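Coordinates as given in final.txt (compact mmCIF, N, CA and C atoms):
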```txt
# COMPACT_ATOMS: atom_id res chain seq x y z
N VAL X 154 20.20 3.06 -4.10
CA VAL X 154 18.77 3.28 -4.00
C VAL X 154 18.51 4.08 -2.73
N THR X 155 17.76 5.15 -2.84
CA THR X 155 17.54 6.02 -1.69
C THR X 155 16.13 5.92 -1.11
N GLY X 156 15.19 5.28 -1.78
CA GLY X 156 13.82 5.21 -1.32
C GLY X 156 13.60 4.14 -0.27
N VAL X 157 12.38 4.10 0.22
CA VAL X 157 12.01 3.13 1.24
C VAL X 157 11.88 1.72 0.66
N TYR X 158 11.71 1.62 -0.65
CA TYR X 158 11.63 0.31 -1.30
C TYR X 158 12.89 0.02 -2.09
N ARG X 159 13.35 -1.24 -2.00
CA ARG X 159 14.54 -1.68 -2.74
C ARG X 159 14.13 -2.71 -3.78
N PRO X 160 14.57 -2.53 -5.03
CA PRO X 160 14.25 -3.54 -6.03
C PRO X 160 15.09 -4.80 -5.82
N GLY X 161 14.53 -5.92 -6.16
CA GLY X 161 15.26 -7.18 -6.05
C GLY X 161 14.53 -8.29 -6.79
N LEU X 162 15.25 -9.31 -7.14
CA LEU X 162 14.65 -10.48 -7.79
C LEU X 162 14.25 -11.49 -6.72
N ARG X 163 13.05 -12.01 -6.86
CA ARG X 163 12.53 -13.02 -5.95
C ARG X 163 11.90 -14.14 -6.77
N THR X 164 11.86 -15.33 -6.21
CA THR X 164 11.17 -16.43 -6.84
C THR X 164 9.69 -16.36 -6.45
N VAL X 165 8.84 -16.38 -7.44
CA VAL X 165 7.39 -16.31 -7.23
C VAL X 165 6.80 -17.65 -7.63
N HIS X 166 5.93 -18.19 -6.79
CA HIS X 166 5.31 -19.49 -7.06
C HIS X 166 3.95 -19.29 -7.72
N LEU X 167 3.86 -19.66 -8.98
CA LEU X 167 2.60 -19.64 -9.71
C LEU X 167 1.97 -21.02 -9.65
N PRO X 168 0.70 -21.16 -10.02
CA PRO X 168 0.07 -22.48 -9.92
C PRO X 168 0.81 -23.60 -10.64
N GLU X 169 1.41 -23.30 -11.79
CA GLU X 169 2.04 -24.36 -12.57
C GLU X 169 3.56 -24.31 -12.61
N ARG X 170 4.14 -23.23 -12.07
CA ARG X 170 5.60 -23.13 -12.13
C ARG X 170 6.11 -22.01 -11.22
N LYS X 171 7.42 -21.96 -11.10
CA LYS X 171 8.09 -20.89 -10.38
C LYS X 171 8.71 -19.96 -11.42
N VAL X 172 8.68 -18.65 -11.14
CA VAL X 172 9.29 -17.68 -12.03
C VAL X 172 10.08 -16.67 -11.22
N ALA X 173 11.04 -16.03 -11.86
CA ALA X 173 11.77 -14.93 -11.24
C ALA X 173 10.97 -13.65 -11.49
N ALA X 174 10.82 -12.84 -10.46
CA ALA X 174 10.06 -11.60 -10.58
C ALA X 174 10.83 -10.46 -9.94
N CYS X 175 10.74 -9.29 -10.56
CA CYS X 175 11.31 -8.08 -9.97
C CYS X 175 10.31 -7.58 -8.94
N CYS X 176 10.74 -7.47 -7.71
CA CYS X 176 9.88 -7.04 -6.60
C CYS X 176 10.51 -5.82 -5.93
N PHE X 177 9.68 -5.07 -5.27
CA PHE X 177 10.16 -3.95 -4.49
C PHE X 177 9.87 -4.26 -3.03
N VAL X 178 10.93 -4.39 -2.25
CA VAL X 178 10.84 -4.83 -0.86
C VAL X 178 11.15 -3.64 0.04
N VAL X 179 10.33 -3.48 1.08
CA VAL X 179 10.51 -2.35 1.98
C VAL X 179 11.81 -2.50 2.79
N ASP X 180 12.48 -1.39 2.97
CA ASP X 180 13.66 -1.33 3.83
C ASP X 180 13.17 -0.89 5.22
N ARG X 181 13.07 -1.83 6.14
CA ARG X 181 12.51 -1.54 7.46
C ARG X 181 13.39 -0.59 8.29
N HIS X 182 14.58 -0.30 7.82
CA HIS X 182 15.47 0.61 8.54
C HIS X 182 15.45 2.02 7.94
N HIS X 183 14.72 2.20 6.86
CA HIS X 183 14.65 3.50 6.19
C HIS X 183 13.86 4.48 7.06
N LYS X 184 14.25 5.74 7.04
CA LYS X 184 13.60 6.75 7.89
C LYS X 184 12.13 6.95 7.54
N GLN X 185 11.71 6.59 6.33
CA GLN X 185 10.31 6.76 5.94
C GLN X 185 9.46 5.51 6.22
N TYR X 186 10.06 4.45 6.71
CA TYR X 186 9.31 3.23 7.00
C TYR X 186 8.39 3.49 8.19
N CYS X 187 7.13 3.16 8.05
CA CYS X 187 6.14 3.44 9.09
C CYS X 187 5.46 2.18 9.60
N GLY X 188 6.11 1.05 9.54
CA GLY X 188 5.51 -0.21 9.95
C GLY X 188 5.16 -0.29 11.42
N GLN X 189 5.67 0.61 12.23
CA GLN X 189 5.41 0.57 13.66
C GLN X 189 4.14 1.31 14.05
N LEU X 190 3.45 1.94 13.10
CA LEU X 190 2.23 2.68 13.41
C LEU X 190 1.08 1.73 13.71
N ASN X 191 0.20 2.14 14.63
CA ASN X 191 -0.99 1.34 14.86
C ASN X 191 -2.02 1.66 13.76
N GLU X 192 -3.15 0.97 13.76
CA GLU X 192 -4.11 1.14 12.68
C GLU X 192 -4.65 2.57 12.59
N ALA X 193 -4.99 3.17 13.71
CA ALA X 193 -5.52 4.54 13.69
C ALA X 193 -4.50 5.53 13.14
N GLN X 194 -3.25 5.37 13.52
CA GLN X 194 -2.19 6.25 13.01
C GLN X 194 -2.00 6.04 11.51
N THR X 195 -2.04 4.79 11.08
CA THR X 195 -1.88 4.47 9.66
C THR X 195 -2.99 5.12 8.84
N ILE X 196 -4.21 4.98 9.31
CA ILE X 196 -5.36 5.56 8.60
C ILE X 196 -5.23 7.08 8.54
N ALA X 197 -4.84 7.70 9.64
CA ALA X 197 -4.68 9.16 9.66
C ALA X 197 -3.61 9.61 8.68
N HIS X 198 -2.49 8.89 8.62
CA HIS X 198 -1.41 9.25 7.68
C HIS X 198 -1.89 9.12 6.24
N ILE X 199 -2.63 8.05 5.96
CA ILE X 199 -3.11 7.84 4.59
C ILE X 199 -4.15 8.91 4.22
N CYS X 200 -5.04 9.23 5.14
CA CYS X 200 -6.07 10.24 4.87
C CYS X 200 -5.47 11.63 4.65
N ASN X 201 -4.41 11.93 5.36
CA ASN X 201 -3.85 13.29 5.32
C ASN X 201 -2.62 13.42 4.43
N GLY X 202 -2.02 12.29 4.04
CA GLY X 202 -0.78 12.35 3.28
C GLY X 202 -0.98 12.68 1.82
N HIS X 203 -0.01 13.38 1.27
CA HIS X 203 -0.05 13.78 -0.14
C HIS X 203 1.39 13.82 -0.64
N GLY X 204 1.66 13.07 -1.68
CA GLY X 204 3.00 13.05 -2.24
C GLY X 204 3.04 13.75 -3.58
N GLN X 205 4.15 13.61 -4.28
CA GLN X 205 4.33 14.25 -5.58
C GLN X 205 3.32 13.76 -6.61
N ARG X 206 2.84 12.54 -6.43
CA ARG X 206 1.92 11.96 -7.41
C ARG X 206 0.47 11.98 -6.96
N GLY X 207 0.18 12.67 -5.85
CA GLY X 207 -1.20 12.80 -5.42
C GLY X 207 -1.43 12.32 -4.00
N PRO X 208 -2.71 12.29 -3.61
CA PRO X 208 -3.06 11.88 -2.24
C PRO X 208 -2.74 10.42 -1.97
N ASN X 209 -2.29 10.14 -0.77
CA ASN X 209 -1.97 8.75 -0.41
C ASN X 209 -3.18 7.85 -0.51
N CYS X 210 -4.36 8.37 -0.17
CA CYS X 210 -5.55 7.53 -0.23
C CYS X 210 -5.82 7.07 -1.66
N GLU X 211 -5.57 7.92 -2.64
CA GLU X 211 -5.78 7.52 -4.04
C GLU X 211 -4.79 6.44 -4.46
N TYR X 212 -3.58 6.51 -3.96
CA TYR X 212 -2.59 5.46 -4.23
C TYR X 212 -3.09 4.13 -3.67
N LEU X 213 -3.60 4.16 -2.44
CA LEU X 213 -4.15 2.94 -1.82
C LEU X 213 -5.32 2.42 -2.63
N PHE X 214 -6.27 3.31 -2.99
CA PHE X 214 -7.46 2.87 -3.72
C PHE X 214 -7.09 2.31 -5.10
N ASN X 215 -6.13 2.92 -5.76
CA ASN X 215 -5.68 2.41 -7.07
C ASN X 215 -5.02 1.04 -6.93
N THR X 216 -4.22 0.88 -5.88
CA THR X 216 -3.57 -0.42 -5.64
C THR X 216 -4.61 -1.50 -5.42
N VAL X 217 -5.62 -1.21 -4.59
CA VAL X 217 -6.68 -2.18 -4.33
C VAL X 217 -7.46 -2.49 -5.61
N GLY X 218 -7.69 -1.47 -6.43
CA GLY X 218 -8.38 -1.68 -7.70
C GLY X 218 -7.60 -2.63 -8.61
N HIS X 219 -6.29 -2.47 -8.65
CA HIS X 219 -5.45 -3.37 -9.46
C HIS X 219 -5.45 -4.78 -8.89
N LEU X 220 -5.44 -4.90 -7.57
CA LEU X 220 -5.54 -6.24 -6.96
C LEU X 220 -6.86 -6.90 -7.36
N ASP X 221 -7.95 -6.13 -7.36
CA ASP X 221 -9.24 -6.65 -7.78
C ASP X 221 -9.19 -7.15 -9.23
N GLU X 222 -8.55 -6.35 -10.11
CA GLU X 222 -8.42 -6.74 -11.51
C GLU X 222 -7.67 -8.06 -11.67
N LEU X 223 -6.74 -8.31 -10.76
CA LEU X 223 -5.95 -9.55 -10.80
C LEU X 223 -6.66 -10.71 -10.10
N GLY X 224 -7.85 -10.45 -9.56
CA GLY X 224 -8.59 -11.49 -8.86
C GLY X 224 -8.16 -11.70 -7.43
N ILE X 225 -7.42 -10.75 -6.88
CA ILE X 225 -6.95 -10.83 -5.49
C ILE X 225 -7.89 -9.95 -4.66
N ARG X 226 -8.75 -10.59 -3.88
CA ARG X 226 -9.76 -9.85 -3.13
C ARG X 226 -9.70 -10.22 -1.64
N GLU X 227 -10.30 -9.36 -0.84
CA GLU X 227 -10.46 -9.63 0.59
C GLU X 227 -9.14 -9.71 1.34
N GLY X 228 -8.17 -8.93 0.95
CA GLY X 228 -6.88 -8.95 1.64
C GLY X 228 -6.76 -7.80 2.62
N PRO X 229 -5.63 -7.73 3.30
CA PRO X 229 -5.40 -6.67 4.30
C PRO X 229 -5.51 -5.27 3.70
N LEU X 230 -5.06 -5.08 2.46
CA LEU X 230 -5.18 -3.75 1.86
C LEU X 230 -6.62 -3.38 1.58
N HIS X 231 -7.45 -4.37 1.28
CA HIS X 231 -8.87 -4.11 1.08
C HIS X 231 -9.51 -3.62 2.38
N ARG X 232 -9.19 -4.28 3.47
CA ARG X 232 -9.74 -3.87 4.76
C ARG X 232 -9.25 -2.47 5.13
N LEU X 233 -7.98 -2.19 4.87
CA LEU X 233 -7.44 -0.87 5.14
C LEU X 233 -8.14 0.18 4.29
N ALA X 234 -8.33 -0.11 3.01
CA ALA X 234 -9.02 0.84 2.12
C ALA X 234 -10.43 1.12 2.61
N ASP X 235 -11.14 0.09 3.07
CA ASP X 235 -12.49 0.29 3.60
C ASP X 235 -12.46 1.23 4.81
N ARG X 236 -11.48 1.05 5.67
CA ARG X 236 -11.39 1.90 6.87
C ARG X 236 -10.99 3.33 6.51
N VAL X 237 -10.13 3.48 5.51
CA VAL X 237 -9.75 4.83 5.06
C VAL X 237 -10.96 5.51 4.43
N ARG X 238 -11.73 4.79 3.60
CA ARG X 238 -12.94 5.38 3.00
C ARG X 238 -13.91 5.84 4.10
N ALA X 239 -14.08 5.02 5.12
CA ALA X 239 -14.98 5.37 6.23
C ALA X 239 -14.47 6.62 6.95
N ALA X 240 -13.17 6.71 7.18
CA ALA X 240 -12.60 7.89 7.85
C ALA X 240 -12.78 9.13 6.99
N LEU X 241 -12.58 9.00 5.69
CA LEU X 241 -12.75 10.14 4.79
C LEU X 241 -14.21 10.58 4.73
N ALA X 242 -15.13 9.63 4.80
CA ALA X 242 -16.55 9.95 4.78
C ALA X 242 -16.96 10.74 6.02
N GLN X 243 -16.28 10.47 7.13
CA GLN X 243 -16.58 11.19 8.38
C GLN X 243 -16.00 12.59 8.36
N SER X 244 -14.94 12.79 7.58
CA SER X 244 -14.28 14.09 7.52
C SER X 244 -13.82 14.38 6.10
N PRO X 245 -14.75 14.71 5.19
CA PRO X 245 -14.41 14.89 3.78
C PRO X 245 -13.35 15.96 3.53
N SER X 246 -13.20 16.93 4.43
CA SER X 246 -12.22 17.99 4.21
C SER X 246 -10.79 17.46 4.23
N GLN X 247 -10.57 16.24 4.75
CA GLN X 247 -9.21 15.69 4.79
C GLN X 247 -8.67 15.42 3.40
N ARG X 248 -9.54 15.26 2.40
CA ARG X 248 -9.08 14.94 1.04
C ARG X 248 -8.69 16.17 0.26
N GLU X 249 -9.00 17.35 0.74
CA GLU X 249 -8.73 18.57 -0.02
C GLU X 249 -7.39 19.16 0.33
```
Encoded form (structure tokens):
Amino acid sequence: VTGVYRPGLRTVHLPERKVAACCFVVDRHHKQYCGQLNEAQTIAHICNGHGQRGPNCEYLFNTVGHLDELGIREGPLHRLADRVRAALAQSPSQRE
């Protein structure tokens, strides 16, 4: 595996039982891992980043939308998405 995420099986605790789930876990030693960035740097990277599948901000917004569909609200990604939206609103040209 060459990406920043490694697939693996993990035990997930559901309300009524435990199940095995395929998860993708970040490789903190990978050259693309950016966990050391502060919040302002993270927001700037997300606002300006664009990968093969589109803008990074859209990936974040889609992820948060899926979390909402699953009933997972008010998490760290939601707060990050709010801050990215605010940054984009201040500088709309960053999305183009």
**Message:** List as a ChimeraX atom specification the protein and nucleic acid residues near range 193-197 of chain X, meaning an atom at most 8 Å away when only C-alpha atoms are counted, but skip any in the same chain fewer than 3 places from it.
**Reply:** /X:190,200-201,233,236-237,240
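Residue-level DSSP output for range 173-241 of chain X, from the backbone, shows strand (DSSP E) at Ala173, Ala174, Cys175, Cys176, Phe177, Val178, Val179, His203, Gly204, Gly207 and Pro208 of chain X.
Going from CA of Glu211 in chain X to CA of Ile199 in chain X covers 9.0 Å.
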**Request:** Enumerate the residues of chain X with a DSSP assignment of alpha helix (DSSP H), computed from the backbone, and present them as a PyMOL selection string.
**Result:** chain X and resi 192-201+209-222+229-243
**Proximity to Phe177 in chain X - best of X:Gln243, X:Leu162, X:Asn215, X:Gln189, only C-alpha atoms** = X:Leu162
**Asked** Do you have the CA of Gly188 in chain X-CA of Lys171 in chain X distance handy?
**Response** 29.1 Å
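Interatomic distance, CA of Tyr212 in chain X against CA of Gly161 in chain X: 21.9 Å.
With only N, CA and C atoms taken into account, the protein and nucleic acid residues at most 8 Å from Gln185 in chain X (excluding it and anything under 4 positions from it in its own chain) are Gly156, Val157, Asp180 and Arg181 of chain X.
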Serialized range 195-212 of chain X w/ N, CA, C and O atoms as a PDB file, in the first residue's frame:
```pdb
ATOM      1  N   THR X 195      -4.141  23.972   8.410  1.00  0.00           N
ATOM      2  CA  THR X 195      -5.055  22.932   7.934  1.00  0.00           C
ATOM      3  C   THR X 195      -6.146  23.537   7.069  1.00  0.00           C
ATOM      4  O   THR X 195      -6.433  23.039   5.966  1.00  0.00           O
ATOM      5  N   ILE X 196      -6.734  24.616   7.543  1.00  0.00           N
ATOM      6  CA  ILE X 196      -7.804  25.281   6.786  1.00  0.00           C
ATOM      7  C   ILE X 196      -7.278  25.790   5.452  1.00  0.00           C
ATOM      8  O   ILE X 196      -7.927  25.616   4.413  1.00  0.00           O
ATOM      9  N   ALA X 197      -6.094  26.383   5.451  1.00  0.00           N
ATOM     10  CA  ALA X 197      -5.508  26.887   4.203  1.00  0.00           C
ATOM     11  C   ALA X 197      -5.260  25.757   3.213  1.00  0.00           C
ATOM     12  O   ALA X 197      -5.553  25.892   2.017  1.00  0.00           O
ATOM     13  N   HIS X 198      -4.750  24.627   3.687  1.00  0.00           N
ATOM     14  CA  HIS X 198      -4.503  23.482   2.799  1.00  0.00           C
ATOM     15  C   HIS X 198      -5.810  22.960   2.220  1.00  0.00           C
ATOM     16  O   HIS X 198      -5.883  22.623   1.039  1.00  0.00           O
ATOM     17  N   ILE X 199      -6.842  22.883   3.046  1.00  0.00           N
ATOM     18  CA  ILE X 199      -8.130  22.376   2.566  1.00  0.00           C
ATOM     19  C   ILE X 199      -8.745  23.356   1.566  1.00  0.00           C
ATOM     20  O   ILE X 199      -9.273  22.940   0.535  1.00  0.00           O
ATOM     21  N   CYS X 200      -8.666  24.641   1.847  1.00  0.00           N
ATOM     22  CA  CYS X 200      -9.235  25.649   0.944  1.00  0.00           C
ATOM     23  C   CYS X 200      -8.527  25.676  -0.412  1.00  0.00           C
ATOM     24  O   CYS X 200      -9.166  25.895  -1.441  1.00  0.00           O
ATOM     25  N   ASN X 201      -7.239  25.444  -0.404  1.00  0.00           N
ATOM     26  CA  ASN X 201      -6.445  25.578  -1.633  1.00  0.00           C
ATOM     27  C   ASN X 201      -6.129  24.257  -2.316  1.00  0.00           C
ATOM     28  O   ASN X 201      -5.696  24.251  -3.459  1.00  0.00           O
ATOM     29  N   GLY X 202      -6.327  23.144  -1.612  1.00  0.00           N
ATOM     30  CA  GLY X 202      -5.940  21.850  -2.163  1.00  0.00           C
ATOM     31  C   GLY X 202      -6.924  21.316  -3.183  1.00  0.00           C
ATOM     32  O   GLY X 202      -8.137  21.547  -3.111  1.00  0.00           O
ATOM     33  N   HIS X 203      -6.386  20.604  -4.154  1.00  0.00           N
ATOM     34  CA  HIS X 203      -7.200  20.003  -5.209  1.00  0.00           C
ATOM     35  C   HIS X 203      -6.517  18.716  -5.640  1.00  0.00           C
ATOM     36  O   HIS X 203      -5.357  18.732  -6.019  1.00  0.00           O
ATOM     37  N   GLY X 204      -7.242  17.628  -5.555  1.00  0.00           N
ATOM     38  CA  GLY X 204      -6.685  16.342  -5.959  1.00  0.00           C
ATOM     39  C   GLY X 204      -7.305  15.849  -7.245  1.00  0.00           C
ATOM     40  O   GLY X 204      -8.046  16.576  -7.920  1.00  0.00           O
ATOM     41  N   GLN X 205      -7.030  14.609  -7.588  1.00  0.00           N
ATOM     42  CA  GLN X 205      -7.551  14.023  -8.821  1.00  0.00           C
ATOM     43  C   GLN X 205      -9.074  13.965  -8.837  1.00  0.00           C
ATOM     44  O   GLN X 205      -9.687  13.996  -9.887  1.00  0.00           O
ATOM     45  N   ARG X 206      -9.676  13.902  -7.662  1.00  0.00           N
ATOM     46  CA  ARG X 206     -11.131  13.764  -7.586  1.00  0.00           C
ATOM     47  C   ARG X 206     -11.839  15.066  -7.241  1.00  0.00           C
ATOM     48  O   ARG X 206     -13.018  15.073  -6.950  1.00  0.00           O
ATOM     49  N   GLY X 207     -11.098  16.175  -7.227  1.00  0.00           N
ATOM     50  CA  GLY X 207     -11.735  17.464  -6.983  1.00  0.00           C
ATOM     51  C   GLY X 207     -11.123  18.223  -5.826  1.00  0.00           C
ATOM     52  O   GLY X 207     -10.120  17.817  -5.245  1.00  0.00           O
ATOM     53  N   PRO X 208     -11.763  19.342  -5.479  1.00  0.00           N
ATOM     54  CA  PRO X 208     -11.251  20.196  -4.395  1.00  0.00           C
ATOM     55  C   PRO X 208     -11.315  19.502  -3.037  1.00  0.00           C
ATOM     56  O   PRO X 208     -12.283  18.798  -2.736  1.00  0.00           O
ATOM     57  N   ASN X 209     -10.316  19.737  -2.224  1.00  0.00           N
ATOM     58  CA  ASN X 209     -10.291  19.136  -0.886  1.00  0.00           C
ATOM     59  C   ASN X 209     -11.480  19.569  -0.054  1.00  0.00           C
ATOM     60  O   ASN X 209     -12.011  18.778   0.724  1.00  0.00           O
ATOM     61  N   CYS X 210     -11.913  20.817  -0.213  1.00  0.00           N
ATOM     62  CA  CYS X 210     -13.047  21.293   0.583  1.00  0.00           C
ATOM     63  C   CYS X 210     -14.301  20.487   0.264  1.00  0.00           C
ATOM     64  O   CYS X 210     -15.092  20.179   1.161  1.00  0.00           O
ATOM     65  N   GLU X 211     -14.502  20.113  -0.990  1.00  0.00           N
ATOM     66  CA  GLU X 211     -15.682  19.317  -1.349  1.00  0.00           C
ATOM     67  C   GLU X 211     -15.610  17.924  -0.737  1.00  0.00           C
ATOM     68  O   GLU X 211     -16.632  17.367  -0.329  1.00  0.00           O
ATOM     69  N   TYR X 212     -14.425  17.361  -0.653  1.00  0.00           N
ATOM     70  CA  TYR X 212     -14.249  16.067   0.007  1.00  0.00           C
ATOM     71  C   TYR X 212     -14.650  16.183   1.476  1.00  0.00           C
ATOM     72  O   TYR X 212     -15.377  15.352   2.003  1.00  0.00           O
TER      73      TYR X 212
END
```
